[in-house]
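**Q** Quick one, structure10.cif (mmCIF, C-alpha atoms and all ligand atoms):
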```
data_model
#
loop_
_atom_site.label_atom_id
_atom_site.label_comp_id
_atom_site.auth_asym_id
_atom_site.auth_seq_id
_atom_site.Cartn_x
_atom_site.Cartn_y
_atom_site.Cartn_z
CA MET A 449 -13.54 -156.76 104.09
CA THR A 450 -13.41 -156.19 107.81
CA THR A 451 -11.60 -159.15 109.25
CA GLU A 452 -14.05 -159.82 112.02
CA SER A 453 -17.65 -160.04 110.95
CA LEU A 454 -20.49 -159.45 113.36
CA VAL A 455 -23.17 -160.83 111.05
CA ARG A 456 -22.58 -163.50 108.43
CA THR A 457 -24.76 -165.74 106.29
CA GLU A 458 -23.76 -168.99 104.65
CA GLU A 459 -25.69 -170.21 101.60
CA LEU A 460 -28.86 -168.74 103.05
CA ARG A 461 -32.13 -169.75 101.39
CA ILE A 462 -35.57 -168.41 102.24
CA TYR A 463 -38.50 -169.74 100.24
CA PHE A 464 -42.16 -168.79 100.65
CA PRO A 465 -44.86 -171.23 99.58
CA VAL A 466 -47.19 -170.12 96.79
CA ARG A 467 -50.66 -171.39 97.65
CA LYS A 468 -53.53 -171.74 95.24
CA PHE A 469 -56.93 -173.07 96.26
CA PHE A 470 -56.10 -175.93 98.61
CA GLY A 471 -52.51 -176.72 97.76
CA THR A 472 -49.02 -175.37 97.42
CA VAL A 473 -48.13 -174.84 93.78
CA GLY A 474 -44.58 -173.57 94.08
CA GLU A 475 -42.15 -171.52 96.10
CA VAL A 476 -40.97 -167.92 95.88
CA LYS A 477 -37.21 -168.16 96.20
CA ALA A 478 -36.83 -164.76 97.86
CA VAL A 479 -33.28 -165.43 99.09
CA ASP A 480 -31.47 -168.17 97.24
CA GLY A 481 -27.95 -168.97 98.33
CA VAL A 482 -26.72 -165.73 99.88
CA ASN A 483 -23.31 -165.33 101.48
CA LEU A 484 -23.04 -161.91 103.09
CA SER A 485 -20.97 -160.57 105.95
CA ILE A 486 -21.14 -157.33 107.87
CA GLY A 487 -18.17 -156.29 109.94
CA ARG A 488 -18.21 -154.61 113.31
CA LYS A 489 -18.81 -150.88 112.95
CA GLU A 490 -19.36 -151.37 109.25
CA THR A 491 -22.26 -150.14 107.12
CA VAL A 492 -23.22 -152.37 104.24
CA ALA A 493 -25.74 -151.11 101.70
CA LEU A 494 -27.98 -153.77 100.17
CA VAL A 495 -29.15 -152.50 96.80
CA GLY A 496 -31.42 -153.98 94.15
CA GLU A 497 -34.71 -153.64 92.33
CA SER A 498 -38.06 -154.03 94.01
CA GLY A 499 -38.89 -157.63 94.90
CA CYS A 500 -35.32 -158.99 94.69
CA GLY A 501 -35.38 -160.12 98.33
CA LYS A 502 -33.76 -157.27 100.27
CA THR A 503 -36.34 -156.99 103.04
CA THR A 504 -36.55 -160.77 103.40
CA LEU A 505 -32.76 -160.97 103.81
CA GLY A 506 -32.78 -158.08 106.32
CA ARG A 507 -35.52 -159.74 108.37
CA ALA A 508 -33.66 -163.03 108.32
CA LEU A 509 -30.55 -161.38 109.76
CA LEU A 510 -32.70 -160.27 112.70
CA GLY A 511 -33.92 -163.83 113.20
CA LEU A 512 -37.44 -162.88 112.10
CA VAL A 513 -37.82 -165.32 109.18
CA LYS A 514 -37.09 -169.02 109.27
CA PRO A 515 -34.72 -170.02 106.48
CA LYS A 516 -35.23 -173.11 104.35
CA SER A 517 -31.51 -173.82 104.60
CA GLY A 518 -28.20 -172.16 105.31
CA LYS A 519 -26.83 -170.40 108.34
CA ILE A 520 -27.00 -166.96 109.92
CA PHE A 521 -24.26 -166.14 112.39
CA PHE A 522 -24.53 -163.27 114.82
CA ASP A 523 -21.35 -162.74 116.82
CA GLY A 524 -20.45 -166.37 116.16
CA THR A 525 -23.82 -167.87 117.17
CA ASP A 526 -25.95 -169.59 114.55
CA LEU A 527 -29.41 -168.00 114.85
CA THR A 528 -31.05 -170.76 112.82
CA ILE A 529 -30.69 -173.31 115.63
CA LEU A 530 -31.79 -171.10 118.53
CA SER A 531 -35.08 -171.50 120.39
CA GLU A 532 -37.57 -168.61 120.34
CA ARG A 533 -36.47 -167.69 123.87
CA GLU A 534 -32.80 -167.64 122.94
CA LEU A 535 -33.58 -165.65 119.80
CA LYS A 536 -35.46 -163.07 121.81
CA LEU A 537 -32.42 -162.53 124.02
CA MET A 538 -30.21 -162.23 120.94
CA ARG A 539 -32.56 -159.69 119.37
CA ARG A 540 -31.87 -157.30 122.25
CA ARG A 541 -28.53 -156.80 120.57
CA MET A 542 -30.21 -155.80 117.30
CA GLY A 543 -32.46 -152.98 116.14
CA VAL A 544 -34.57 -152.15 113.13
CA VAL A 545 -35.84 -148.99 111.43
CA PHE A 546 -38.54 -149.45 108.79
CA GLN A 547 -39.39 -147.45 105.73
CA ASP A 548 -42.69 -145.99 106.78
CA PRO A 549 -42.54 -143.83 109.90
CA TYR A 550 -46.32 -143.44 109.69
CA ALA A 551 -47.09 -147.16 109.83
CA SER A 552 -44.33 -148.30 112.17
CA LEU A 553 -45.31 -146.25 115.25
CA ASN A 554 -48.40 -147.14 117.27
CA PRO A 555 -50.65 -144.06 116.89
CA SER A 556 -52.30 -144.49 120.29
CA PHE A 557 -48.99 -144.49 122.22
CA THR A 558 -47.08 -141.41 123.29
CA VAL A 559 -43.52 -141.03 122.02
CA TYR A 560 -42.38 -141.86 125.54
CA ARG A 561 -44.19 -145.19 125.54
CA ILE A 562 -43.05 -146.06 122.01
CA VAL A 563 -39.40 -145.51 122.84
CA GLU A 564 -39.67 -147.18 126.25
CA GLU A 565 -41.36 -150.31 124.90
CA PRO A 566 -38.24 -152.35 124.00
CA LEU A 567 -36.96 -151.79 127.55
CA VAL A 568 -40.26 -152.97 129.04
CA VAL A 569 -40.47 -156.00 126.75
CA ASN A 570 -36.90 -156.97 127.61
CA LYS A 571 -37.35 -156.13 131.32
CA ILE A 572 -34.45 -153.67 131.30
CA GLY A 573 -34.02 -151.14 134.14
CA SER A 574 -36.31 -149.74 136.84
CA LYS A 575 -39.01 -147.24 135.95
CA GLU A 576 -36.70 -144.34 136.84
CA GLU A 577 -33.76 -145.80 134.94
CA ARG A 578 -35.97 -146.35 131.91
CA ARG A 579 -37.13 -142.74 132.05
CA GLU A 580 -33.57 -141.53 132.00
CA MET A 581 -32.75 -143.84 129.08
CA VAL A 582 -35.79 -142.71 127.05
CA LEU A 583 -34.99 -139.02 127.48
CA LYS A 584 -31.36 -139.64 126.62
CA ALA A 585 -32.31 -141.54 123.46
CA LEU A 586 -34.63 -138.69 122.40
CA GLU A 587 -31.82 -136.20 122.91
CA GLU A 588 -29.51 -138.41 120.93
CA VAL A 589 -31.84 -138.34 117.92
CA LYS A 590 -32.11 -134.55 118.33
CA LEU A 591 -35.68 -134.41 119.53
CA ASN A 592 -35.07 -131.55 121.92
CA PRO A 593 -36.36 -130.73 124.41
CA ALA A 594 -36.81 -134.45 125.07
CA GLU A 595 -39.54 -133.92 127.70
CA PHE A 596 -41.58 -131.96 125.18
CA PHE A 597 -41.40 -134.64 122.47
CA ALA A 598 -41.92 -137.48 124.96
CA SER A 599 -45.48 -136.36 125.63
CA LYS A 600 -46.47 -136.11 121.94
CA TYR A 601 -48.36 -138.64 119.83
CA PRO A 602 -47.02 -139.69 116.40
CA HIS A 603 -49.70 -137.73 114.49
CA MET A 604 -48.41 -134.51 116.06
CA LEU A 605 -44.98 -134.99 114.46
CA SER A 606 -43.53 -134.52 110.99
CA GLY A 607 -42.28 -137.49 108.95
CA GLY A 608 -38.67 -136.71 109.83
CA GLN A 609 -39.47 -136.41 113.53
CA ARG A 610 -41.34 -139.70 113.47
CA GLN A 611 -38.38 -141.41 111.88
CA ARG A 612 -36.22 -139.96 114.68
CA VAL A 613 -38.61 -141.55 117.18
CA ALA A 614 -38.25 -144.88 115.34
CA ILE A 615 -34.47 -144.51 115.52
CA ALA A 616 -34.60 -143.70 119.25
CA ARG A 617 -36.65 -146.88 119.75
CA ALA A 618 -34.18 -148.89 117.67
CA ILE A 619 -31.13 -147.73 119.63
CA ILE A 620 -32.53 -147.68 123.16
CA THR A 621 -31.30 -151.20 123.93
CA LYS A 622 -27.82 -150.21 122.66
CA PRO A 623 -27.81 -152.66 119.76
CA GLU A 624 -24.63 -153.73 118.02
CA PHE A 625 -26.42 -154.25 114.71
CA VAL A 626 -29.26 -152.25 113.14
CA VAL A 627 -31.18 -153.05 109.96
CA THR A 628 -32.53 -149.92 108.30
CA ASP A 629 -34.98 -150.80 105.53
CA GLU A 630 -35.40 -147.86 103.12
CA PRO A 631 -35.39 -145.53 106.15
CA VAL A 632 -35.43 -142.28 104.19
CA SER A 633 -37.29 -143.13 100.98
CA MET A 634 -40.58 -141.73 102.25
CA LEU A 635 -39.08 -138.51 103.56
CA ASP A 636 -38.58 -135.19 101.81
CA ALA A 637 -35.22 -134.94 100.09
CA SER A 638 -34.15 -132.15 102.45
CA ILE A 639 -34.66 -134.36 105.50
CA ARG A 640 -33.00 -137.47 104.06
CA VAL A 641 -29.46 -136.23 104.54
CA GLU A 642 -30.20 -135.16 108.12
CA ILE A 643 -31.44 -138.64 108.98
CA LEU A 644 -28.49 -140.33 107.28
CA LEU A 645 -26.13 -138.01 109.14
CA LEU A 646 -27.83 -139.05 112.34
CA PHE A 647 -27.17 -142.72 111.55
CA ARG A 648 -23.54 -141.89 110.89
CA GLU A 649 -23.26 -140.04 114.19
CA ILE A 650 -24.83 -142.96 116.07
CA GLN A 651 -22.45 -145.33 114.36
CA LYS A 652 -19.41 -143.24 115.27
CA LYS A 653 -20.49 -142.87 118.86
CA HIS A 654 -21.64 -146.41 119.57
CA GLY A 655 -19.82 -148.46 116.94
CA VAL A 656 -23.02 -149.93 115.53
CA SER A 657 -22.99 -152.09 112.38
CA PHE A 658 -25.67 -151.20 109.84
CA LEU A 659 -27.39 -152.99 107.00
CA TYR A 660 -28.75 -150.15 104.91
CA ILE A 661 -31.40 -151.47 102.53
CA THR A 662 -32.10 -149.14 99.64
CA HIS A 663 -32.75 -148.91 95.93
CA ASP A 664 -31.06 -145.52 95.87
CA LEU A 665 -27.40 -145.61 94.91
CA ALA A 666 -26.86 -141.94 95.73
CA THR A 667 -27.64 -142.41 99.43
CA ALA A 668 -25.82 -145.77 99.48
CA LYS A 669 -22.74 -143.96 98.25
CA TYR A 670 -23.07 -141.39 100.95
CA PHE A 671 -23.78 -143.70 103.84
CA SER A 672 -22.14 -147.11 103.29
CA ASP A 673 -18.63 -148.52 103.49
CA ARG A 674 -19.41 -151.55 101.41
CA ILE A 675 -22.16 -152.36 98.98
CA ALA A 676 -23.88 -155.62 98.08
CA ILE A 677 -25.86 -155.70 94.85
CA MET A 678 -28.78 -158.13 94.92
CA TYR A 679 -30.57 -159.57 91.91
CA ALA A 680 -33.45 -162.06 92.01
CA GLY A 681 -32.59 -163.57 95.38
CA ARG A 682 -28.81 -163.61 94.96
CA ILE A 683 -25.91 -161.26 95.65
CA VAL A 684 -24.17 -160.56 92.34
CA GLU A 685 -21.49 -158.10 93.41
CA THR A 686 -19.89 -156.83 96.62
CA GLY A 687 -17.09 -154.41 97.26
CA PRO A 688 -16.15 -151.07 98.80
CA THR A 689 -18.96 -148.68 97.86
CA LYS A 690 -16.89 -146.05 96.10
CA ALA A 691 -14.98 -148.62 94.05
CA VAL A 692 -18.14 -150.48 93.01
CA LEU A 693 -19.91 -147.29 91.97
CA SER A 694 -17.00 -145.83 90.06
CA GLU A 695 -16.03 -149.13 88.40
CA PRO A 696 -18.93 -151.59 88.52
CA LEU A 697 -17.91 -155.14 87.60
CA HIS A 698 -21.13 -157.07 87.18
CA PRO A 699 -23.26 -156.24 84.11
CA TYR A 700 -26.25 -155.85 86.40
CA THR A 701 -24.45 -153.29 88.56
CA GLN A 702 -23.45 -151.52 85.36
CA ALA A 703 -27.09 -151.49 84.27
CA LEU A 704 -28.06 -149.91 87.57
CA ILE A 705 -25.62 -147.09 87.22
CA ASP A 706 -25.82 -144.29 84.79
CA ALA A 707 -22.12 -143.87 84.25
CA ILE A 708 -22.32 -140.67 82.20
CA PRO A 709 -20.09 -138.25 84.09
CA ASP A 710 -21.82 -135.31 85.68
CA PRO A 711 -19.80 -132.23 86.66
CA ASP A 712 -21.23 -132.51 90.15
CA PRO A 713 -19.69 -135.67 91.63
CA SER A 714 -22.62 -136.13 93.99
CA ASN A 715 -24.91 -136.50 90.97
CA ARG A 716 -22.76 -138.96 89.12
CA PHE A 717 -24.41 -142.10 90.32
CA VAL A 718 -28.09 -142.21 89.75
CA MET A 719 -30.15 -145.32 89.42
CA ARG A 720 -31.70 -145.65 86.01
CA LYS A 721 -35.42 -145.71 86.40
CA ILE A 722 -35.70 -149.20 84.99
CA PRO A 723 -32.75 -151.22 83.66
CA PRO A 724 -33.73 -152.73 80.30
CA GLY A 725 -35.98 -155.79 80.62
CA GLN A 726 -37.82 -157.19 83.60
CA PRO A 727 -36.57 -159.00 86.70
CA PRO A 728 -37.42 -162.71 86.50
CA SER A 729 -40.03 -164.64 88.43
CA LEU A 730 -38.67 -165.85 91.75
CA VAL A 731 -40.85 -168.94 91.48
CA ASN A 732 -39.13 -170.14 88.30
CA PRO A 733 -35.91 -168.12 87.99
CA PRO A 734 -33.90 -168.56 84.76
CA LYS A 735 -31.42 -171.41 84.68
CA GLY A 736 -27.77 -170.44 84.98
CA CYS A 737 -27.16 -166.76 85.74
CA ARG A 738 -30.45 -165.13 86.66
CA PHE A 739 -29.48 -161.96 84.85
CA HIS A 740 -28.67 -163.64 81.52
CA PRO A 741 -31.97 -162.81 79.74
CA ARG A 742 -31.25 -159.10 80.30
CA CYS A 743 -27.48 -159.18 79.97
CA PRO A 744 -25.71 -157.48 77.05
CA PHE A 745 -22.71 -159.82 77.52
CA PHE A 746 -24.74 -163.05 77.54
CA MET A 747 -22.68 -166.07 76.44
CA GLN A 748 -24.88 -168.82 75.05
CA GLY A 749 -24.22 -172.29 76.35
CA LYS A 750 -22.60 -170.89 79.45
CA CYS A 751 -24.59 -168.17 81.20
CA ASP A 752 -27.89 -169.97 80.50
CA VAL A 753 -26.56 -173.30 81.77
CA LEU A 754 -24.22 -172.74 84.68
CA GLU A 755 -24.73 -170.63 87.76
CA PRO A 756 -21.72 -168.31 88.04
CA PRO A 757 -19.81 -168.56 91.34
CA MET A 758 -18.63 -165.46 93.18
CA TYR A 759 -15.24 -164.57 91.70
CA ARG A 760 -12.69 -162.56 93.63
CA VAL A 761 -11.68 -159.91 91.14
CA GLY A 762 -9.47 -157.62 93.16
CA VAL A 763 -8.82 -156.48 96.68
CA GLU A 764 -12.20 -156.79 98.38
CA ARG A 765 -13.94 -156.93 94.98
CA PHE A 766 -16.29 -159.82 94.16
CA SER A 767 -18.49 -160.45 91.14
CA ALA A 768 -20.69 -163.42 90.24
CA CYS A 769 -20.16 -163.20 86.47
CA PHE A 770 -18.31 -165.45 84.01
CA LEU A 771 -16.76 -162.33 82.47
CA HIS A 772 -14.51 -162.31 85.50
CA GLU A 773 -13.54 -165.95 85.37
CA GLU A 774 -10.26 -165.09 83.68
CA LYS A 775 -9.44 -162.15 85.91
CA VAL A 776 -9.72 -163.97 89.18
CA THR A 777 -6.90 -163.07 91.51
CA ILE A 778 -5.80 -165.82 93.81
CA LYS A 779 -5.67 -164.92 97.46
N1 LIG B 801 -44.22 -163.32 103.81
C1 LIG B 801 -44.16 -163.57 102.50
N2 LIG B 801 -44.92 -164.54 101.93
C2 LIG B 801 -44.84 -164.79 100.60
N3 LIG B 801 -44.03 -164.14 99.75
C3 LIG B 801 -43.24 -163.16 100.27
C4 LIG B 801 -43.27 -162.82 101.67
N4 LIG B 801 -42.39 -161.81 101.87
C5 LIG B 801 -41.83 -161.55 100.67
N5 LIG B 801 -42.34 -162.35 99.71
C6 LIG B 801 -41.97 -162.36 98.29
O1 LIG B 801 -40.55 -162.51 98.25
C7 LIG B 801 -39.99 -161.71 97.21
C8 LIG B 801 -38.97 -160.75 97.80
O2 LIG B 801 -39.66 -159.77 98.57
P1 LIG B 801 -38.92 -158.65 99.43
O3 LIG B 801 -39.98 -157.88 100.14
O4 LIG B 801 -37.87 -159.29 100.26
O5 LIG B 801 -38.24 -157.77 98.28
P2 LIG B 801 -37.56 -156.33 98.37
O6 LIG B 801 -36.28 -156.42 97.61
O7 LIG B 801 -37.50 -155.87 99.78
O8 LIG B 801 -38.57 -155.42 97.54
P3 LIG B 801 -38.91 -153.84 97.72
O9 LIG B 801 -37.73 -153.08 97.14
O10 LIG B 801 -40.15 -153.65 96.91
O11 LIG B 801 -39.13 -153.57 99.18
C9 LIG B 801 -41.17 -161.03 96.52
O12 LIG B 801 -41.54 -161.81 95.41
C10 LIG B 801 -42.25 -161.06 97.57
O13 LIG B 801 -43.52 -161.07 96.99
MG MG B 802 -38.32 -154.25 100.80
#
```
Go through the file and emit its structure as structure tokens.

**A**
Amino acid sequence: MTTESLVRTEELRIYFPVRKFFGTVGEVKAVDGVNLSIGRKETVALVGESGCGKTTLGRALLGLVKPKSGKIFFDGTDLTILSERELKLMRRRMGVVFQDPYASLNPSFTVYRIVEEPLVVNKIGSKEERREMVLKALEEVKLNPAEFFASKYPHMLSGGQRQRVAIARAIITKPEFVVTDEPVSMLDASIRVEILLLFREIQKKHGVSFLYITHDLATAKYFSDRIAIMYAGRIVETGPTKAVLSEPLHPYTQALIDAIPDPDPSNRFVMRKIPPGQPPSLVNPPKGCRFHPRCPFFMQGKCDVLEPPMYRVGVERFSACFLHEEKVTIK
């Protein structure tokens, strides 16, 4: 793990009330005791099935969701105790790129206005300075000539071009940390790599830290330094991406990976369409390890009773599974 983390959570819990008629009947435990850190200039992929809490965790790191408990540190400052005003200032140092480039850009704004908006909201620069910054950001995301694209409306652009506009908007305030939530899943396969390469280039040039939210292990492998596997509101495994994908520790990670070797190394890691069984309800998650009802290594009287802690299994390798209890290496 990178020694100095830029973003770090401590036992983070985010619960949403479930309302029925006139009362609250329960809580969706979307994030339930998450410890995650992202180093400076590091890309961490957050991977897991639909509904496991990835987007909620990503939004929390940007200070956009109020946690029930736990802490979120950004460059040493706990976001959970900041006022709205202080949070707003902090958010200047962060950016976000959403999944859907069609829904995330205001259709009645020109590209120029969309990309300029964060500068206006944060009162950054004079009109002339902002113009220079907007054109530079458009060039940086390869929308050339910048002047030409600046005058367009989103509906005049392709999906890939729109996502480039969203990226230009995300980086215009020179953020240190960017959350990208399934940024390429709605794009054609041929464009995905181009967009991921663009993220890499931006990272190299500006030293940005990324949280890359995805359910696609192939792109996670390509784009991330470290990977965090999420299951039903909890992180079950973290480690360097290549090591986790070639030798997954947690039975859930193993279920996600089709380990049958393929002659083409880039095809070796594909997410199985559906791992056997169903993810649990986040209102009443199973006692003990949340994965135990689906786990081929389930140990009765243990996995269904106790919640496994995160074991350190090797250099930078962590797994929240009792199978690794014996293998724990002491620091
Ligand atoms: N604002 C909200 N109010 C109530 N429940 C919510 C809210 N946002 C998320 N949830 C619930 O929290 C759980 C986690 O949702 P989240 O969107 O974080 O999952 P996800 O891993 O991003 O899923 P996907 O891969 O489908 O995007 C889900 O059960 C979802 O219905
Ligand atoms: Mg999501």

**Q** Per residue of region 465-570 of chain A within 9 Å of region 658-661 of chain A, what are the shortest atom pair and its distance in Å to one decimal, counting all atoms listed in the file, with rows by chain and residue number, as CSV?

**A**
```
residue,atom,partner,partner_atom,distance
A:Ile486,CA,A:Leu659,CA,7.7
A:Arg488,CA,A:Phe658,CA,8.9
A:Lys489,CA,A:Phe658,CA,7.5
A:Glu490,CA,A:Phe658,CA,6.3
A:Thr491,CA,A:Phe658,CA,4.5
A:Val492,CA,A:Leu659,CA,5.0
A:Ala493,CA,A:Tyr660,CA,4.5
A:Leu494,CA,A:Ile661,CA,4.7
A:Val495,CA,A:Ile661,CA,6.2
A:Gly496,CA,A:Ile661,CA,8.7
A:Lys502,CA,A:Ile661,CA,6.7
A:Thr503,CA,A:Ile661,CA,7.4
A:Gly506,CA,A:Leu659,CA,7.4
```

**Q** Please list as a PDB file with C-alpha atoms, in the frame of the given file every residue within 6 Å of region 451-458 of chain A, counting only C-alpha atoms and excluding residues in the same chain fewer than 4 positions away.

**A**
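What ended up in around_9.pdb:
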```pdb
ATOM      1  CA  ASN A 483     -23.310-165.330 101.480  1.00  0.00           C
ATOM      2  CA  LEU A 484     -23.040-161.910 103.090  1.00  0.00           C
ATOM      3  CA  SER A 485     -20.970-160.570 105.950  1.00  0.00           C
ATOM      4  CA  ILE A 486     -21.140-157.330 107.870  1.00  0.00           C
ATOM      5  CA  GLY A 487     -18.170-156.290 109.940  1.00  0.00           C
ATOM      6  CA  ARG A 488     -18.210-154.610 113.310  1.00  0.00           C
ATOM      7  CA  GLY A 518     -28.200-172.160 105.310  1.00  0.00           C
ATOM      8  CA  LYS A 519     -26.830-170.400 108.340  1.00  0.00           C
ATOM      9  CA  ILE A 520     -27.000-166.960 109.920  1.00  0.00           C
ATOM     10  CA  PHE A 521     -24.260-166.140 112.390  1.00  0.00           C
ATOM     11  CA  PHE A 522     -24.530-163.270 114.820  1.00  0.00           C
ATOM     12  CA  ASP A 523     -21.350-162.740 116.820  1.00  0.00           C
TER      13      ASP A 523
END
```

**Q** Find the spatial neighbours of region 616-629 of chain A, counting all atoms listed in the file, within a cut-off of 6 Å - ignore same-chain residues fewer than 4 positions away - and output them as an NGL selection string.

**A** :A and (541-547 or 563 or 585-586 or 656-661)

**Q** For a quick check of understanding, using all atoms listed in the file, which of A:Val568, A:Ala594, A:Ile562, A:Leu697 has the smallest distance to Ile615 (chain A)?

**A** A:Ile562

**Q** Using only C-alpha atoms and all ligand atoms, which residues of the polymer chains come no farther than 6 Å from ligand LIG 801 (chain B)? I'd like the answer as a list in words.

**A**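 If we count only C-alpha atoms and all ligand atoms, the neighbours of ligand LIG 801 (chain B) turn out to be Phe464, Val476, Ala478, Glu497, Ser498, Gly499, Cys500, Gly501, Lys502, Thr503 and Thr504 of chain A.
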
**Q** Counting all atoms listed in the file, what is within 10 Å of Leu512 (chain A), bar same-chain residues fewer than 5 positions away, as JSON, numbers by chain?

**A** {"A": [504, 505, 506, 507, 527, 535, 536, 539]}

**Q** In Å, with one decimal, what is the gap from CA of Gln702 (chain A) to CA of Ala508 (chain A)?

**A**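 Going from CA of Gln702 (chain A) over to CA of Ala508 (chain A) covers 27.6 Å.
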
**Q** Give as a count of residues only each residue that has an atom at most 9 Å from (-23.9, -142.1, 103.5) in the file, counting all atoms listed in the file.

**A** 14

**Q** In terms of the shortest atom-to-atom distance over only C-alpha atoms, which of A:Val761, A:Val582, A:Val589, A:Leu460 is closest to Ile650 (chain A)?

**A**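 For Ile650 (chain A), the nearest of the given residues is A:Val589.
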